[in-house]
Amino acid sequence: MDDLTVRSEELFGLYEGIADTAGLEEEAVVAVPGREHVAKGKSLEAIYGASQWHLMWRKFVRNRVAVGGGVVIVLFYLAAIVAPFLAPYTETSRFTRNIYMPPQRVYLLNEGRLQPYVRAYEAQFDENLRKTYTATGEKTFIRFFVHGEPYNLLGLIATDVHLFGAADDQPVSLLGTDRQGRDMFSRILYGSRLSLTIGLVGVVLSLILGTVLGITSGYYSGWVDEVIQRLIELIRAIPNVPLWMALSAAIPLTWTITQTYFAISIILSLTQWTWLARQLRGQVLALRSQDFVLASKLAGAKDRWVIFRHLVPATLGQIIVVSTLAMPSMILAETALSYLGLGLRPPATSWGVLIQESQNYQSLALYPWVFTPAIAVAICILAFSYLGDGLRDAVDPYTV
Amino acid sequence: MLAYILRRLLGMIPVLVFVSVITFIIIQLPPGDFFTTLQAEVAATGGGQNKETIEKLQEIYGLDQPLYVQYWKWVQGWVRLDFGWSLAYNAPVWNVVANKLAFTLYLGFLSLVFMVAVSMPIGIYSATHQYSIGDHTLSALGFLGLCLPGFLLALLWMFLGIAVLRVDVGGLVSREMQNAPLSLAKVQDYLVHLLPAVVILGLSSTAQLQRIMRSNMLDVLGQQHITTARAKGLKERLVINKYAVRLAINPMISVMALEIPKVINQSALVGIVMMLPTLGPIYLHALLTQDVYLSGTILLIMVLLLMLSNLLADIVLAIVDPRIVYN
């Protein structure tokens, strides 16, 4: 311990005299790899006595970009939970007189006072019979906590309060409207519910499958291991995307949205579990010859105890990382399948369905704002990737 | 070496047979068949045939036979390159698939060349100028390219081209050039359509390769023999390009082998989004119309491409690295 400067011999009595260190002035220069800092009494004990999770958390928090990604993801999920409150309109409410309306700019000051408003638009046809929107000169004021269309908050409370909305009947459309006059901002918020949760359900399913099969395959060698490895190789031999396309085409058109939703998450998780299983098998192969497993077995623990009580917590870091990194590909796969028309179909609202509705390339040139769901997907995937990368660095005990 | 290749090729055959059975079952999962799907589509607009005609058609094309009979009819023609009859295109499956397969391989090859040509110099630069602004920028850009897959990039590119830049994107030729005679403008037009496709297809793999190249180079540059070479007075360019890079490349080949499945996956989606003549669009069409032999054949082709590319990667690795011996 030559990189440690101790100024008090009571340091070695740290664990016995935990209560004594409170308020005392021992200091030590602690060399945490990569950084040096002077730790006083209690925080010294915190560093030495830190659990595995505490150390991982500290390392994760140092990675600002990953924390930013995590914050963005949490915000996305919170927005998905309270989407009906945040959205001024529902996913199906139409403004038939404002089809393909461009996004409205919000003006904050009205004659010097803070009264946010948007300009009301009306549709006109120019000499080429192309629809253009001109301001009527009227102002639509934005009110907060307005009464709008009724919905069920969190599925329990029936209410009709929305975060913001128009003071009168005119639409307030922050991101424009689409082909049927539906507000894009509301549709993106509603679409995030299906898109984000399908990834969650799929990841949970593949987590269960992957953990059980991976740890079993690593713990019991022999024919169990062989069978599971052959199965993994067989699944890996078929390229993912064509397999998903083929399986999704098998979903009957007559199924409800919920049934299609679960069918797609099952299809996606059928191939995702192999990655987790492979990783865990490698880790368990290394872990099962460790002393703590031997000690546990000698104490008379059954296999189930060793697996669930020792091996799963030891591999939990890896499980979290692989699952987090699997989320963006799940979300993207669902988006791609819905875009192709094979996954969720209208009237289900997910980001993929929204992108598919903007698929008409000619209208994309004239009305580019219908493409904004793709931006939402891109931001979500980037945030998840940064978060997953940060988690992977935090969990890895060999990097600084 | 030859014996190893032959053994691997022979070992592929049972896997192929097994996978072909599985793909055939998967393709047959949707209820109904080609004619019932067509009937449902046409009946929506008020047309369609009566039940006896449909049953007669099913009998003619063998769609009412049990599954194993249909499967055997499909398999027994493989040796003669006869993959069945495509009902959607009313032609033999091989005729439909051959051109598209050639273009898919061509595009994949170009993407591979792009991947290697771009990731190596960038990776070497990042490693030799570690922590510089260039390194940080390239790593940030690389990470961006890594997480945004080809499908999303293709969508963004189509959007940029149509809505912002107002150029003709999608397909291989623009409308004006379609029937024009060969000229410099036509070649330019072709490149303008082809190059973005190549870049988009290879971008995420390029980012991954660049990261791995950078970390490999950093490992190698820390080794003793590099220090010795520098101490002996060798030019820095020689040290890096002749000694360090050679060692750093070896693990890259196995990484490239892992990237090829990604390229195969993405080429299906990118081809559909950018309307290129690859296997993707006809595969989607075959799935939606339930053209069994066509979609089964395309899925099998992709599996075969995957296995062959793994074998190729192993062979190249064995050639490049004399330490690897396959007995």
# chains A, B, ... in the order shown; residues from 1 in each chain; ligands from 1
$ interface_residues --of "chain B" --to "chain A" --cutoff "9 Å" --atoms "only C-alpha atoms" --output "JSON, numbers by chain"
{"B": [15, 18, 19, 23, 26, 27, 28, 29, 30, 31, 143, 144, 146, 147, 148, 149, 151, 152, 155, 156, 158, 159, 161, 162, 163, 164, 166, 261, 262, 264, 265, 266, 268, 269, 272, 280, 283, 284, 287, 288, 290, 295, 298, 299, 300, 302, 303, 304, 306, 307]}
$ residues_around --residues "region 134-142 of chain B" --least-positions-apart "2" --cutoff "12 Å" --atoms "only C-alpha atoms" --output "number ranges by chain"
A: 65, 382, 386; B: 118-119, 121-132, 144-149, 202-215
$ select_by_dssp --residues "region 47-212 of chain B" --states "strand (DSSP E)" --output "number ranges by chain"
B: 85-86, 91-92
$ residues_around --residues "Pro346 (chain A)" --least-positions-apart "5" --cutoff "10 Å" --atoms "only C-alpha atoms" --output "JSON, numbers by chain"
{"A": [257, 338, 341, 353, 354, 356, 357]}
$ closest_residue --among "A:Ile142, A:Leu298, A:Ala87, A:Leu55" --to "Leu114 (chain A)" --atoms "only C-alpha atoms"
A:Ile142
$ atom_distance --atom1 "CA of Ala98 (chain B)" --atom2 "CA of Leu191 (chain B)"
22.7 Å
